[in-house]
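> Please see the structure below; I have some questions.
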Amino acid sequence: MNATTDAPDKPLEHGLARLNDAQREAVVHGGGDGAEVGGPLLVIAGAGSGKTGTLAHRVAYLVAQGADPGRILLLTFSRRAAEEMTRRAARIAGELAAPGAGCALPWSGTFHSVGARLLREYAPRVGLDPAFTIHDRGDSADLMNLVRHELALSAQARRFPLKATCLAIYSAAVNTRAPLAEVLKTTFPWCAGWEAELKRLFHAYVEAKQRQQVLDYDDLLLYWAQMVAEPAFAAEVGGRFDHILVDEYQDTNRLQAAILLAIKPDGRGLTVVGDDAQSIYAFRGATVRNILDFPHHFDPPARCVTLERNYRSTQPILDAANGVIAFARERYTKSLWTERAASRKPRLVSVRDEAEQARFVVEQVLARREAGVRLTAQAVLFRAAHHSAALEIELGRRNIPFVKFGGLKFLEAAHVKDVLAAARWAHNRRDRVSGFRAAQLVAGIGPKSAGRILDNVAAAPPGCALLAEQPVPPAAREDWLAFCAVVEAVAAPAAPWPAAFDALCRWYGAEIERLHDDGAIRRADIEQLARIAATYPSAERFLTELTLDPPAATSDEAGPPLLDEDYLVLSTIHSAKGQEWHAVTVLNAVDGCIPSDMATGSAAEIEEERRLLYVAMTRARDELDLVVPQRFYVTQQSGLGDRHVYAGRTRFIPNALLARFEQSSWPPASADAGEAAAAGTSVVDLRARLRAMWE
């Protein structure tokens with residue numbers, strides 16, 4: 001080989017040398033000529049195996065070998081991911097080819113953004129105005145609500161689903177390509193009786209969008225998929241791209257898979273990267289079948305390259321995670337390994353109950369902090385947002401800053417605030433803010449009626465405002481009296497605690513289906529609130545301590561606490577995917593929580609729950625604790641009353657896997673002594689002391 005051909009190969013070989021063998025195999029798939037398009041490629045990228053770097057190297061390699069960046073389509077699941085991938089690919093392309101080489105990718109972005117761009121171009125040919133507008137979720141819900149009212153569905157004798165629920169049902173049906181009846185049965189069973197009305201609503205909603213030349217978020221995929229279902233359009237769109245690369249393929253839905261298979265039916269130039277073991281977003285319409293079935297859509301089948309070397313976790317953590325996922329019914333076989341040897345196994349820690357679980361987590365977090373591990377390097381993960389309720393309160397008590405990702409902070413959820421408002425108003429009828437919210441919980445009581453009630457209460461002499469005598473609409477009288485009875489019972493000086501508060505929770509639980517479409521899900525939070533209340537000696541302590549340190553932000557938009565440079569991360573497992581921490585603690589590693597008792601209706605649901613635990617475990621770099629409460633305090637048990645229910649370790653860690661964990665109990669037996677002394681209080685007449693200061 002002469003000098004002119006040798007020179008370009010040196011930076012190329014140097015740039016690929018940092019890859020391991022499997023990564024390099026994926027990167028160079030298809031040959032050494034960028035103009036030559038290889039067959040379909042599936043890269044199974046295990047957790048922490050360098051997936052992003054591998055995909056960026058493949059893009060850069062194609063460009064360095066002569067592929068036209070303008071004919072490469074890179075699809076990701078967030079704008080930020082697309083921008084990061086483009087930056088990395090550009091930097092690597094410069095290393096692989098020659099100094100100053102560029103790698104601008106004009107066609108990189110999310111499925112939805114690329115779909116919107118293509119639809120603008122093809123609009124006149126598919127019946128769209130090129131100036132169509134795109135509705136966000138809020139606008140779409142408002143339009144759905146307008147159509148709902150025009151069809152008089154909001155005036156039904158039975159409660160028709162609210163606008164947000166209607167839009168969620170519509171979106172699920174579109175993205176899963178499943179019949180409406182199936183979507184209602186599996187995901188929205190409380191709305192199954194409205195199938196005919198919902199079909200009529202959705203038909204009218206589509207007509208309204210078309211009249212107004214607007215597309216909603218789901219239309220960006222739906223129109224794209226419908227367009228390329230026509231062979232001529234599919235060939236034209238597919239012909240624009242020599243290479244299509246898709247990140248996080250396990251998170252695609254049926255529409256997205258249909259688009260890819262339509263524009264690249266033979267798979268040439270198609271590379272998808274993902275991990276079937278991390279497919280955990282079925283509730284968003286994603287299906288693990290897309291990645292499991294991918295190779296068999298082509299003849300010959302797609303080439304499969306597996307990345308098993310892990311650069312994140314220690315080997316004992318990987319051994320435990322490998323053991324959990326090995327029991328999956330259907331999967332791509334892989335066994336994660338690392339050169340990061342360690343003697344410490346992940347821990348299975350048994351605690352007495354949820355309150356003790358919260359104390360254990362706080363003690364461990366503080367101990368690690370004293371050992372030099374910052375709070376931001378630690379995370380507490382959980383299956384459902386309400387699982388962290390007791391921990392959030394304990395963190396507040398101990399003045400430990402935290403930020404929570406995935407769902408509202410517990411005390412900020414609307415239904416939790418409803419119950420607390422009613423309890424506060426019961427104890428202080430002058431609390432107008434709480435009273436205004438509480439009164440409107442009663443069917444038939446609106447803002448005007450609530451305002452009149454509060455005006456009368458404020459005008460009455462102390463102790464003389466009888467709630468039952470307040471003027472309310474006749475239709476609301478019976479429900480109002482029932483609510484007043486509960487409030488009066490909570491406020492009674494001799495009311496037993498927490499029984500009176502439990503009664504309020506039961507009243508709200510009976511109303512929750514009327515107040516919220518997803519009442520069954522929210523009811524778990526109310527039961528959790530009742531369990532937390534039982535850990536306090538009185539209503540006053542309960543309401544005061546929850547008020548003194550209220551949560552300041554919610555969900556993924558929370559961001560770090562403004563006044564603290566260090567903070568603990570609390571996160572649902574779903575929101576933790578793609579992240580990593582030095583130390584990870586997983587709450588409630590018991591059946592009923594992982595797997596959730598609301599996700600065991602089918603084998604597919606149970607398998608996704610198994611993958612959730614796997615994702616949680618593989619977020620840890622050096623330390624992993626799975627906490628197993630032995631019992632849960634359960635309220636509102638019909639015929640059984642309030643009681644403790646004993647829990648069993650999650651089925652995903654059978655006895656055969658126990659050798660991969662260090663098992664322990666907390667607290668150690670010696671730590672129990674003297675615990676009761678901490679609850680002692682002193683009685684001082686501060687009024688007399690203040691008077692004595694001036695005597």
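So you can find residues: chains in the structure tokens are A, B, ... in the order shown, residues in each start at 1, and ligands are numbered from 1 in order.
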Could you pull out the helix (DSSP H, G or I) residues of region 360-588 of chain A from DSSP and send them as a VMD selection string?
chain A and resid 360 to 370 375 to 377 385 to 397 410 to 412 414 to 427 432 to 439 447 to 459 467 to 469 474 to 491 499 to 515 519 to 533 539 to 548 555 to 557 573 to 576
> Choose the residue, out of A:Glu195, A:Ala262, A:Thr600, A:Gln528, that has the smallest atom-to-atom separation from Ala232 (chain A); count only C-alpha atoms.
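Nearest to Ala232 (chain A): A:Ala262.
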> Which residue out of A:Arg621, A:His582, A:Arg541, A:Lys209 has the minimum interatomic distance to Arg368 (chain A) when only C-alpha atoms are used?
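Answer, going by the shortest atom-to-atom distance: A:His582.
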> Just want the 12 Å neighbourhood of Pro346 (chain A), counted on only C-alpha atoms, with same-chain residues fewer than 3 positions away dropped. Output as number ranges by chain.
A: 313-321, 342-343, 349, 583-586, 617-618, 620-627, 657-664
> Of the candidates A:Asp518, A:Leu568, A:Val305, A:Gln256, which one gets nearest to Leu395 (chain A) if we count only C-alpha atoms?
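The closest residue to Leu395 (chain A) is A:Leu568.
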> If you count only C-alpha atoms, which residues fall within 7 Å of Gln278 (chain A), apart from same-chain ones fewer than 2 positions away, as a list in words?
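Counting only C-alpha atoms, the residues come to Asp275, Asp276, Ile280, Arg611 and Val615 of chain A.
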> I'd like the interatomic distance between CA of Asn428 (chain A) and CA of Arg514 (chain A), to a tenth of an Å.
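Between CA of Asn428 (chain A) and CA of Arg514 (chain A) the gap is 26.4 Å.
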> From a DSSP calculation on the backbone, collect every residue of region 90-236 of chain A in strand (DSSP E) and output the set as JSON, numbers by chain.
{"A": [108, 109, 110, 133, 134, 214, 215]}
> If we count only C-alpha atoms and set the cut-off at 9 Å, which residues sit around region 114-125 of chain A, ignoring sequence neighbours fewer than 2 positions away in its own chain? Please answer as a VMD selection string.
chain A and resid 73 75 107 to 112 127 to 132 134 220 to 221 223 to 224 227 237
> Determine, counting only C-alpha atoms, which protein, DNA and RNA residues have an atom within 10 Å of an atom of Ile291 (chain A); residues of the same chain fewer than 6 positions away are not included. Present the result as a list of chain:residue names.
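So, after excluding close chain neighbours, the residues are A:Leu42, A:Val43, A:Ile44, A:Glu248, A:Tyr249, A:Gln250, A:Asp251, A:Thr252, A:Ala257, A:Val272, A:Val273, A:Gly274, A:Asp275, A:Asp276, A:Ser279, A:Arg331, A:Tyr332.
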> Need the shell around His296 (chain A): protein/DNA/RNA residues with any atom at most 12 Å away, counting only C-alpha atoms. Skip same-chain ones fewer than 2 positions apart. Format as a short mmCIF file (atom, residue, chain, number, x, y, z; two decimals) with C-alpha atoms, in the first residue's frame?

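Dumped everything to out-v6.cif:
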```cif
data_model
loop_
_atom_site.label_atom_id
_atom_site.label_comp_id
_atom_site.auth_asym_id
_atom_site.auth_seq_id
_atom_site.Cartn_x
_atom_site.Cartn_y
_atom_site.Cartn_z
CA PRO A 40 -29.56 -5.12 8.88
CA LEU A 41 -27.70 -5.03 12.19
CA LEU A 42 -29.04 -5.49 15.72
CA LEU A 261 -39.85 -1.77 8.19
CA PRO A 265 -38.08 -3.58 3.99
CA ASP A 266 -34.87 -5.46 3.18
CA GLY A 267 -33.05 -3.94 6.17
CA ARG A 289 -41.54 -7.66 20.73
CA ASN A 290 -39.98 -5.08 18.40
CA ILE A 291 -36.44 -5.91 19.48
CA LEU A 292 -37.07 -9.62 20.07
CA ASP A 293 -38.56 -10.10 16.59
CA PHE A 294 -36.29 -7.70 14.68
CA PHE A 298 -35.46 -10.03 7.09
CA ASP A 299 -34.14 -12.79 4.85
CA PRO A 300 -31.44 -13.57 5.71
CA PRO A 301 -32.02 -12.53 9.35
CA ALA A 302 -30.32 -9.45 10.73
CA ARG A 303 -26.84 -9.85 12.12
CA CYS A 304 -26.78 -9.67 15.91
#
```
> Taking only C-alpha atoms into account, which of A:Ala26, A:Leu348, A:Leu180, A:Ala520 comes nearest Val628 (chain A)?
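Closest residue, counting only C-alpha atoms: A:Leu348.
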